[in-house]
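The structure file run.txt is reproduced below (compact mmCIF, C-alpha atoms).
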```
# COMPACT_ATOMS: atom_id res chain seq x y z
CA GLN A 29 0.00 0.00 0.00
CA GLN A 30 3.02 2.26 0.28
CA GLN A 31 4.10 1.90 -3.33
CA VAL A 32 3.98 4.51 -6.04
CA LYS A 33 4.36 3.05 -9.52
CA GLN A 34 5.81 5.32 -12.19
CA SER A 35 5.96 4.92 -15.95
CA PRO A 36 7.63 5.04 -18.37
CA GLN A 37 11.15 4.36 -17.15
CA SER A 38 12.57 6.52 -19.95
CA LEU A 39 11.11 8.90 -22.48
CA ILE A 40 12.44 10.63 -25.57
CA VAL A 41 10.50 13.64 -26.86
CA GLN A 42 11.11 16.04 -29.69
CA LYS A 43 11.68 19.68 -28.83
CA GLY A 44 8.32 21.42 -28.70
CA GLY A 45 6.43 18.22 -28.00
CA ILE A 46 4.46 17.16 -24.92
CA SER A 47 6.09 14.92 -22.31
CA ILE A 48 3.74 12.80 -20.21
CA ILE A 49 4.78 10.79 -17.16
CA ASN A 50 2.30 8.71 -15.19
CA CYS A 51 2.07 7.53 -11.61
CA ALA A 52 -0.33 5.28 -9.74
CA TYR A 53 -0.73 4.82 -6.00
CA GLU A 54 -2.62 2.43 -3.75
CA ASN A 55 -2.94 4.13 -0.39
CA THR A 56 -6.17 6.17 -0.42
CA ALA A 57 -4.93 8.06 2.65
CA PHE A 58 -2.29 9.85 0.56
CA ASP A 59 -3.09 13.53 0.29
CA TYR A 60 0.07 15.14 -1.06
CA PHE A 61 1.46 14.44 -4.52
CA PRO A 62 4.64 16.25 -5.54
CA TRP A 63 6.85 15.88 -8.58
CA TYR A 64 10.59 16.28 -8.24
CA GLN A 65 13.10 17.09 -10.98
CA GLN A 66 16.69 15.88 -10.81
CA PHE A 67 19.59 16.99 -13.01
CA PRO A 68 22.81 14.94 -13.19
CA GLY A 69 25.01 15.44 -10.16
CA LYS A 70 22.26 17.25 -8.23
CA GLY A 71 19.68 16.27 -5.69
CA PRO A 72 15.98 16.11 -6.58
CA ALA A 73 14.21 19.48 -6.39
CA LEU A 74 10.51 20.13 -6.01
CA LEU A 75 8.94 20.99 -9.35
CA ILE A 76 5.20 21.11 -8.69
CA ALA A 77 2.75 19.56 -6.23
CA ILE A 78 -0.98 18.95 -5.93
CA ARG A 79 -3.53 18.16 -3.27
CA PRO A 80 -6.36 15.68 -4.05
CA ASP A 81 -9.08 18.33 -3.74
CA VAL A 82 -8.29 19.62 -7.23
CA SER A 83 -8.02 17.74 -10.52
CA GLU A 84 -5.35 19.86 -12.14
CA LYS A 85 -2.58 22.27 -11.26
CA LYS A 86 -0.61 24.26 -13.77
CA GLU A 87 2.65 26.17 -13.31
CA GLY A 88 4.04 27.52 -16.53
CA ARG A 89 4.65 24.65 -18.94
CA PHE A 90 4.19 22.04 -16.20
CA THR A 91 0.78 20.58 -15.33
CA ILE A 92 -0.25 17.88 -12.88
CA SER A 93 -3.46 16.02 -13.72
CA PHE A 94 -5.00 14.12 -10.81
CA ASN A 95 -7.64 11.37 -10.99
CA LYS A 96 -8.68 10.46 -7.47
CA SER A 97 -11.07 7.65 -8.43
CA ALA A 98 -8.40 5.94 -10.53
CA LYS A 99 -5.69 6.69 -7.98
CA GLN A 100 -3.49 8.10 -10.71
CA PHE A 101 -1.70 11.35 -11.37
CA SER A 102 0.45 12.53 -14.21
CA LEU A 103 2.92 15.23 -15.15
CA HIS A 104 2.56 16.98 -18.49
CA ILE A 105 5.37 19.13 -19.85
CA MET A 106 4.15 21.32 -22.68
CA ASP A 107 6.50 22.68 -25.36
CA SER A 108 9.30 20.44 -24.03
CA GLN A 109 12.79 21.95 -24.23
CA PRO A 110 16.27 20.38 -24.16
CA GLY A 111 16.75 22.04 -20.76
CA ASP A 112 13.92 19.87 -19.44
CA SER A 113 16.08 16.78 -19.94
CA ALA A 114 16.32 15.32 -16.44
CA THR A 115 15.00 12.54 -14.26
CA TYR A 116 11.51 13.10 -12.87
CA PHE A 117 10.15 11.47 -9.73
CA CYS A 118 6.58 11.35 -8.56
CA ALA A 119 5.92 10.93 -4.87
CA ALA A 120 3.09 10.66 -2.40
CA SER A 121 2.47 10.89 1.32
CA PHE A 122 -0.11 11.36 4.00
CA SER A 123 1.10 14.83 4.87
CA GLY A 124 2.10 15.42 8.43
CA ASN A 125 2.07 11.74 9.18
CA THR A 126 4.32 9.81 6.84
CA PRO A 127 7.46 10.55 4.82
CA LEU A 128 7.33 10.74 1.03
CA VAL A 129 7.29 7.53 -0.99
CA PHE A 130 8.92 7.99 -4.38
CA GLY A 131 8.37 6.37 -7.75
CA LYS A 132 11.43 4.89 -9.44
CA GLY A 133 11.87 7.84 -11.76
CA THR A 134 11.59 8.64 -15.46
CA ARG A 135 14.60 9.73 -17.45
CA LEU A 136 13.40 12.34 -19.96
CA SER A 137 15.48 13.30 -22.97
CA VAL A 138 14.28 16.19 -25.13
CA ILE A 139 16.00 16.19 -28.49
CA ALA A 140 16.20 19.05 -30.95
CA ASP B 12 19.80 29.92 2.78
CA ALA B 13 22.64 27.55 1.82
CA GLY B 14 20.37 24.58 1.40
CA VAL B 15 21.10 21.07 2.63
CA ILE B 16 24.85 20.52 2.69
CA GLN B 17 26.35 17.06 2.30
CA SER B 18 29.95 15.94 2.48
CA PRO B 19 31.92 14.49 0.93
CA ARG B 20 30.54 14.76 -2.63
CA HIS B 21 32.42 11.65 -3.68
CA GLU B 22 33.83 8.80 -1.61
CA VAL B 23 35.83 5.89 -2.94
CA THR B 24 36.80 3.21 -0.46
CA GLU B 25 37.79 -0.40 -0.28
CA MET B 26 35.54 -3.18 0.88
CA GLY B 27 35.65 -3.56 4.65
CA GLN B 28 36.45 0.06 5.39
CA GLU B 29 34.27 2.35 7.47
CA VAL B 30 32.48 5.14 5.63
CA THR B 31 30.90 8.20 7.23
CA LEU B 32 28.60 10.52 5.31
CA ARG B 33 27.69 13.90 6.73
CA CYS B 34 24.72 16.21 6.43
CA LYS B 35 23.82 19.71 7.57
CA PRO B 36 20.08 20.35 7.20
CA ILE B 37 18.45 23.69 6.48
CA SER B 38 18.29 25.81 9.60
CA GLY B 39 14.83 25.68 11.16
CA HIS B 40 13.89 22.34 9.65
CA ASN B 41 13.00 19.73 12.26
CA SER B 42 12.94 16.59 10.11
CA LEU B 43 15.89 14.96 8.41
CA PHE B 44 15.83 12.07 5.97
CA TRP B 45 18.51 9.81 4.51
CA TYR B 46 17.77 8.33 1.07
CA ARG B 47 19.78 6.00 -1.14
CA GLN B 48 19.50 6.16 -4.93
CA THR B 49 20.37 3.32 -7.28
CA MET B 50 19.32 2.56 -10.84
CA MET B 51 17.58 -0.63 -9.80
CA ARG B 52 15.69 0.58 -6.74
CA GLY B 53 15.30 4.31 -7.31
CA LEU B 54 15.09 6.50 -4.18
CA GLU B 55 14.83 4.44 -1.01
CA LEU B 56 14.21 5.96 2.40
CA LEU B 57 16.76 4.59 4.85
CA ILE B 58 15.91 6.46 8.05
CA TYR B 59 14.37 9.69 9.21
CA PHE B 60 14.62 11.85 12.29
CA ASN B 61 12.18 14.27 13.84
CA ASN B 62 13.54 16.75 16.38
CA ASN B 63 16.82 14.79 16.37
CA VAL B 64 15.08 11.54 17.36
CA PRO B 65 15.12 8.56 14.96
CA ILE B 66 11.51 7.80 14.05
CA ASP B 67 11.73 5.00 11.51
CA ASP B 68 14.86 3.08 10.57
CA SER B 69 13.07 0.20 8.87
CA GLY B 70 14.71 1.12 5.56
CA MET B 71 18.24 0.62 6.88
CA PRO B 72 19.38 -2.44 4.93
CA GLU B 73 21.56 -4.10 7.56
CA ASP B 74 23.18 -3.63 10.93
CA ARG B 75 26.23 -2.39 9.06
CA PHE B 76 24.34 0.87 8.58
CA SER B 77 23.83 3.33 11.42
CA ALA B 78 22.74 6.97 11.60
CA LYS B 79 22.94 9.62 14.26
CA MET B 80 21.69 13.14 14.73
CA PRO B 81 23.48 14.60 17.75
CA ASN B 82 21.97 18.06 17.25
CA ALA B 83 19.59 19.96 15.00
CA SER B 84 22.31 20.98 12.57
CA PHE B 85 24.21 17.75 11.94
CA SER B 86 23.64 14.13 11.03
CA THR B 87 25.85 11.24 10.00
CA LEU B 88 25.24 7.99 8.15
CA LYS B 89 27.88 5.36 8.82
CA ILE B 90 28.55 2.09 7.03
CA GLN B 91 30.87 -0.34 8.77
CA PRO B 92 32.13 -2.49 7.16
CA SER B 93 31.36 -1.29 3.66
CA GLU B 94 30.64 -3.69 0.78
CA PRO B 95 30.60 -3.20 -3.02
CA ARG B 96 26.79 -3.48 -3.05
CA ASP B 97 26.62 -0.34 -0.92
CA SER B 98 27.82 1.67 -3.93
CA ALA B 99 25.11 4.27 -4.60
CA VAL B 100 24.31 7.94 -4.25
CA TYR B 101 23.22 8.83 -0.74
CA PHE B 102 21.00 11.86 -0.26
CA CYS B 103 20.13 13.80 2.83
CA ALA B 104 16.93 15.85 2.85
CA SER B 105 15.24 18.11 5.38
CA SER B 106 11.88 19.74 5.93
CA PHE B 107 9.64 21.19 8.56
CA GLY B 108 7.45 18.23 9.44
CA GLN B 109 7.30 15.19 7.17
CA GLY B 110 7.47 17.20 3.99
CA ASN B 111 4.11 18.43 2.83
CA TYR B 112 2.39 21.04 0.69
CA ASN B 113 3.43 23.90 2.93
CA SER B 114 6.90 22.64 3.76
CA PRO B 115 8.35 20.54 0.96
CA LEU B 116 11.34 18.27 1.22
CA HIS B 117 14.70 19.84 0.29
CA PHE B 118 17.51 17.58 -0.87
CA GLY B 119 21.25 18.01 -0.74
CA ASN B 120 23.39 17.22 -3.78
CA GLY B 121 24.28 13.80 -2.49
CA THR B 122 27.38 11.73 -1.80
CA ARG B 123 28.40 9.29 -4.52
CA LEU B 124 29.86 6.27 -2.75
CA THR B 125 31.95 3.71 -4.59
CA VAL B 126 33.13 0.63 -2.71
CA THR B 127 35.74 -1.44 -4.54
```

Reformat the file's structure so that it appears as structure tokens.
Amino acid sequence: QQQVKQSPQSLIVQKGGISIINCAYENTAFDYFPWYQQFPGKGPALLIAIRPDVSEKKEGRFTISFNKSAKQFSLHIMDSQPGDSATYFCAASFSGNTPLVFGKGTRLSVIA
Amino acid sequence: DAGVIQSPRHEVTEMGQEVTLRCKPISGHNSLFWYRQTMMRGLELLIYFNNNVPIDDSGMPEDRFSAKMPNASFSTLKIQPSEPRDSAVYFCASSFGQGNYNSPLHFGNGTRLTVT
């Protein structure tokens, strides 16, 4: 029940295209769903996060879509750029009660 | 705000040697987490502290691993004796609380450990 399953493991997208990364969770008590971005040689950094009381959150080119009934959430990167090439992690927790559980990550490559 | 500071950035050691990784969390944060990152297993939580007290060490792989937090501004992760399968990137992270919408988790840049 503590797992977060992330797909795909790797993704190659053309510059200007849309990158989509999916995550599924099992624990219905989870109420905090962040996405972290990691560049080589750096630690993961918070990119965007959502609470389950909304179905979508958008920050610039990055959007989280959340489907509570399906227990799934996804990250969409619009107009993908080579600078977006990084590893992306989804995560989930019951905020204030449990530490974050991370997906295994998606390595995104945006090619020109 | 200097962020979470980890040292060393890289550590190469021989099997059987003791390894100590260090972490300075962000000032004011009361929770500290140690994660291990490998290609096969992704980011695994090893142990976390709240107000300097270890709360859950169920992720520590073996008795060879130990962690301490003697004060609010310093933590260590020790491996003794080290083995080649311990080779990974070890991250320290801190937050206020468990890491939530209002106080997200902040990671250091990690220590890349290689055990030969």

Quiz prompt | Spatial neighbours of B:Val15, 12 Å, all atoms listed in the file, chain gap at least 6 places, as a ChimeraX atom specification | solution = /A:70-73 /B:33-40,42-45,84-86,102-106,116-121

Written selection (C-alpha atoms) as an mmCIF file, in the coordinates of the input:
```cif
data_model
loop_
_atom_site.group_PDB
_atom_site.id
_atom_site.type_symbol
_atom_site.label_atom_id
_atom_site.label_comp_id
_atom_site.auth_asym_id
_atom_site.auth_seq_id
_atom_site.Cartn_x
_atom_site.Cartn_y
_atom_site.Cartn_z
ATOM 1 C CA LYS A 70 22.260 17.250 -8.230
ATOM 2 C CA GLY A 71 19.680 16.270 -5.690
ATOM 3 C CA PRO A 72 15.980 16.110 -6.580
ATOM 4 C CA ALA A 73 14.210 19.480 -6.390
ATOM 5 C CA ARG B 33 27.690 13.900 6.730
ATOM 6 C CA CYS B 34 24.720 16.210 6.430
ATOM 7 C CA LYS B 35 23.820 19.710 7.570
ATOM 8 C CA PRO B 36 20.080 20.350 7.200
ATOM 9 C CA ILE B 37 18.450 23.690 6.480
ATOM 10 C CA SER B 38 18.290 25.810 9.600
ATOM 11 C CA GLY B 39 14.830 25.680 11.160
ATOM 12 C CA HIS B 40 13.890 22.340 9.650
ATOM 13 C CA SER B 42 12.940 16.590 10.110
ATOM 14 C CA LEU B 43 15.890 14.960 8.410
ATOM 15 C CA PHE B 44 15.830 12.070 5.970
ATOM 16 C CA TRP B 45 18.510 9.810 4.510
ATOM 17 C CA SER B 84 22.310 20.980 12.570
ATOM 18 C CA PHE B 85 24.210 17.750 11.940
ATOM 19 C CA SER B 86 23.640 14.130 11.030
ATOM 20 C CA PHE B 102 21.000 11.860 -0.260
ATOM 21 C CA CYS B 103 20.130 13.800 2.830
ATOM 22 C CA ALA B 104 16.930 15.850 2.850
ATOM 23 C CA SER B 105 15.240 18.110 5.380
ATOM 24 C CA SER B 106 11.880 19.740 5.930
ATOM 25 C CA LEU B 116 11.340 18.270 1.220
ATOM 26 C CA HIS B 117 14.700 19.840 0.290
ATOM 27 C CA PHE B 118 17.510 17.580 -0.870
ATOM 28 C CA GLY B 119 21.250 18.010 -0.740
ATOM 29 C CA ASN B 120 23.390 17.220 -3.780
ATOM 30 C CA GLY B 121 24.280 13.800 -2.490
#
```

Exercise. For stretch 61-71 of chain B, work out the shell of residues within 7 Å, counting all atoms listed in the file and skipping chain neighbours fewer than 6 positions away, then give it as JSON, numbers by chain.
Key: {"B": [41, 42, 43, 80, 81, 82, 83]}

Exercise. Counting all atoms listed in the file, figure out which residue out of A:Leu74, A:Ala140, A:Ile92, A:Ala52 gets nearest to chain B.
Key: A:Leu74

Could you please tell me, as a compact mmCIF listing (two decimals) with C-alpha atoms, in the coordinates of the input, which residues of chain A have an atom within 7 Å of chain B when using only C-alpha atoms?
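Now in out_27.txt:
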```txt
# COMPACT_ATOMS: atom_id res chain seq x y z
CA TYR A 60 0.07 15.14 -1.06
CA GLY A 69 25.01 15.44 -10.16
CA LYS A 70 22.26 17.25 -8.23
CA GLY A 71 19.68 16.27 -5.69
CA PRO A 72 15.98 16.11 -6.58
CA ALA A 73 14.21 19.48 -6.39
CA SER A 123 1.10 14.83 4.87
CA GLY A 124 2.10 15.42 8.43
CA ASN A 125 2.07 11.74 9.18
CA THR A 126 4.32 9.81 6.84
CA PRO A 127 7.46 10.55 4.82
CA PHE A 130 8.92 7.99 -4.38
CA LYS A 132 11.43 4.89 -9.44
CA GLY A 133 11.87 7.84 -11.76
```

Quiz item: Near A:Ala98, within 9 Å and counting only C-alpha atoms, which residues show up once chain neighbours fewer than 3 positions away are dropped, as JSON, numbers by chain?
Solution: {"A": [52, 53, 94, 95, 101]}

Self-check item: Contacts of B:Glu22 within 9 Å, all atoms listed in the file, excl. fewer than 4 positions in-chain, as a ChimeraX atom specification
Solution: /B:30,32,122-126

Rebuild all heavy atoms on stretch 85-96 of chain B, as a PDB file, keeping the file's coordinate frame?
```
ATOM      1  N   PHE B  85      23.221  18.704  12.431  1.00  0.00           N
ATOM      2  CA  PHE B  85      24.210  17.750  11.940  1.00  0.00           C
ATOM      3  C   PHE B  85      23.707  16.325  12.056  1.00  0.00           C
ATOM      4  O   PHE B  85      23.129  15.928  13.068  1.00  0.00           O
ATOM      5  CB  PHE B  85      25.514  17.911  12.742  1.00  0.00           C
ATOM      6  CG  PHE B  85      26.646  17.052  12.269  1.00  0.00           C
ATOM      7  CD1 PHE B  85      27.224  17.268  11.030  1.00  0.00           C
ATOM      8  CD2 PHE B  85      27.148  16.033  13.071  1.00  0.00           C
ATOM      9  CE1 PHE B  85      28.278  16.480  10.587  1.00  0.00           C
ATOM     10  CE2 PHE B  85      28.201  15.238  12.644  1.00  0.00           C
ATOM     11  CZ  PHE B  85      28.764  15.461  11.401  1.00  0.00           C
ATOM     12  N   SER B  86      23.976  15.542  11.003  1.00  0.00           N
ATOM     13  CA  SER B  86      23.640  14.130  11.030  1.00  0.00           C
ATOM     14  C   SER B  86      24.710  13.356  10.285  1.00  0.00           C
ATOM     15  O   SER B  86      25.356  13.878   9.365  1.00  0.00           O
ATOM     16  CB  SER B  86      22.279  13.874  10.374  1.00  0.00           C
ATOM     17  OG  SER B  86      21.982  12.479  10.338  1.00  0.00           O
ATOM     18  N   THR B  87      24.911  12.117  10.689  1.00  0.00           N
ATOM     19  CA  THR B  87      25.850  11.240  10.000  1.00  0.00           C
ATOM     20  C   THR B  87      25.180   9.921   9.657  1.00  0.00           C
ATOM     21  O   THR B  87      24.285   9.444  10.368  1.00  0.00           O
ATOM     22  CB  THR B  87      27.091  10.936  10.861  1.00  0.00           C
ATOM     23  OG1 THR B  87      26.672  10.308  12.077  1.00  0.00           O
ATOM     24  CG2 THR B  87      27.872  12.195  11.152  1.00  0.00           C
ATOM     25  N   LEU B  88      25.621   9.339   8.554  1.00  0.00           N
ATOM     26  CA  LEU B  88      25.240   7.990   8.150  1.00  0.00           C
ATOM     27  C   LEU B  88      26.535   7.206   8.028  1.00  0.00           C
ATOM     28  O   LEU B  88      27.431   7.595   7.279  1.00  0.00           O
ATOM     29  CB  LEU B  88      24.491   7.999   6.829  1.00  0.00           C
ATOM     30  CG  LEU B  88      24.074   6.625   6.268  1.00  0.00           C
ATOM     31  CD1 LEU B  88      23.014   5.987   7.143  1.00  0.00           C
ATOM     32  CD2 LEU B  88      23.557   6.759   4.831  1.00  0.00           C
ATOM     33  N   LYS B  89      26.643   6.127   8.779  1.00  0.00           N
ATOM     34  CA  LYS B  89      27.880   5.360   8.820  1.00  0.00           C
ATOM     35  C   LYS B  89      27.643   3.953   8.287  1.00  0.00           C
ATOM     36  O   LYS B  89      26.615   3.336   8.589  1.00  0.00           O
ATOM     37  CB  LYS B  89      28.414   5.309  10.251  1.00  0.00           C
ATOM     38  CG  LYS B  89      29.760   4.611  10.392  1.00  0.00           C
ATOM     39  CD  LYS B  89      30.243   4.650  11.838  1.00  0.00           C
ATOM     40  CE  LYS B  89      30.575   6.049  12.274  1.00  0.00           C
ATOM     41  NZ  LYS B  89      31.180   6.098  13.642  1.00  0.00           N
ATOM     42  N   ILE B  90      28.583   3.473   7.521  1.00  0.00           N
ATOM     43  CA  ILE B  90      28.550   2.090   7.030  1.00  0.00           C
ATOM     44  C   ILE B  90      29.840   1.425   7.473  1.00  0.00           C
ATOM     45  O   ILE B  90      30.937   1.877   7.164  1.00  0.00           O
ATOM     46  CB  ILE B  90      28.442   2.035   5.482  1.00  0.00           C
ATOM     47  CG1 ILE B  90      27.290   2.898   4.975  1.00  0.00           C
ATOM     48  CG2 ILE B  90      28.243   0.579   5.034  1.00  0.00           C
ATOM     49  CD1 ILE B  90      27.241   3.036   3.459  1.00  0.00           C
ATOM     50  N   GLN B  91      29.701   0.357   8.239  1.00  0.00           N
ATOM     51  CA  GLN B  91      30.870  -0.340   8.770  1.00  0.00           C
ATOM     52  C   GLN B  91      30.549  -1.808   8.977  1.00  0.00           C
ATOM     53  O   GLN B  91      29.693  -2.130   9.814  1.00  0.00           O
ATOM     54  CB  GLN B  91      31.304   0.297  10.096  1.00  0.00           C
ATOM     55  CG  GLN B  91      32.273  -0.519  10.938  1.00  0.00           C
ATOM     56  CD  GLN B  91      33.619  -0.765  10.284  1.00  0.00           C
ATOM     57  OE1 GLN B  91      33.988  -0.093   9.326  1.00  0.00           O
ATOM     58  NE2 GLN B  91      34.349  -1.750  10.780  1.00  0.00           N
ATOM     59  N   PRO B  92      31.194  -2.723   8.257  1.00  0.00           N
ATOM     60  CA  PRO B  92      32.130  -2.490   7.160  1.00  0.00           C
ATOM     61  C   PRO B  92      31.393  -2.288   5.841  1.00  0.00           C
ATOM     62  O   PRO B  92      30.290  -2.797   5.647  1.00  0.00           O
ATOM     63  CB  PRO B  92      32.906  -3.815   7.131  1.00  0.00           C
ATOM     64  CG  PRO B  92      31.894  -4.840   7.572  1.00  0.00           C
ATOM     65  CD  PRO B  92      31.015  -4.147   8.576  1.00  0.00           C
ATOM     66  N   SER B  93      32.001  -1.552   4.948  1.00  0.00           N
ATOM     67  CA  SER B  93      31.360  -1.290   3.660  1.00  0.00           C
ATOM     68  C   SER B  93      31.551  -2.481   2.714  1.00  0.00           C
ATOM     69  O   SER B  93      32.518  -3.259   2.839  1.00  0.00           O
ATOM     70  CB  SER B  93      31.935  -0.018   3.032  1.00  0.00           C
ATOM     71  OG  SER B  93      33.332  -0.132   2.871  1.00  0.00           O
ATOM     72  N   GLU B  94      30.603  -2.616   1.777  1.00  0.00           N
ATOM     73  CA  GLU B  94      30.640  -3.690   0.780  1.00  0.00           C
ATOM     74  C   GLU B  94      30.368  -3.084  -0.593  1.00  0.00           C
ATOM     75  O   GLU B  94      29.730  -2.028  -0.686  1.00  0.00           O
ATOM     76  CB  GLU B  94      29.590  -4.760   1.101  1.00  0.00           C
ATOM     77  CG  GLU B  94      29.846  -5.485   2.415  1.00  0.00           C
ATOM     78  CD  GLU B  94      28.841  -6.588   2.683  1.00  0.00           C
ATOM     79  OE1 GLU B  94      27.969  -6.830   1.805  1.00  0.00           O
ATOM     80  OE2 GLU B  94      28.933  -7.218   3.756  1.00  0.00           O
ATOM     81  N   PRO B  95      30.831  -3.752  -1.662  1.00  0.00           N
ATOM     82  CA  PRO B  95      30.600  -3.200  -3.020  1.00  0.00           C
ATOM     83  C   PRO B  95      29.132  -2.915  -3.311  1.00  0.00           C
ATOM     84  O   PRO B  95      28.821  -1.947  -4.005  1.00  0.00           O
ATOM     85  CB  PRO B  95      31.162  -4.297  -3.919  1.00  0.00           C
ATOM     86  CG  PRO B  95      32.250  -4.927  -3.116  1.00  0.00           C
ATOM     87  CD  PRO B  95      31.720  -4.919  -1.692  1.00  0.00           C
ATOM     88  N   ARG B  96      28.220  -3.707  -2.777  1.00  0.00           N
ATOM     89  CA  ARG B  96      26.790  -3.480  -3.050  1.00  0.00           C
ATOM     90  C   ARG B  96      26.241  -2.242  -2.367  1.00  0.00           C
ATOM     91  O   ARG B  96      25.094  -1.856  -2.617  1.00  0.00           O
ATOM     92  CB  ARG B  96      25.964  -4.700  -2.639  1.00  0.00           C
ATOM     93  CG  ARG B  96      26.049  -5.067  -1.164  1.00  0.00           C
ATOM     94  CD  ARG B  96      25.480  -6.466  -0.968  1.00  0.00           C
ATOM     95  NE  ARG B  96      25.803  -6.993   0.348  1.00  0.00           N
ATOM     96  CZ  ARG B  96      24.881  -7.337   1.251  1.00  0.00           C
ATOM     97  NH1 ARG B  96      23.614  -7.193   0.956  1.00  0.00           N
ATOM     98  NH2 ARG B  96      25.234  -7.835   2.422  1.00  0.00           N
TER      99      ARG B  96
END
```
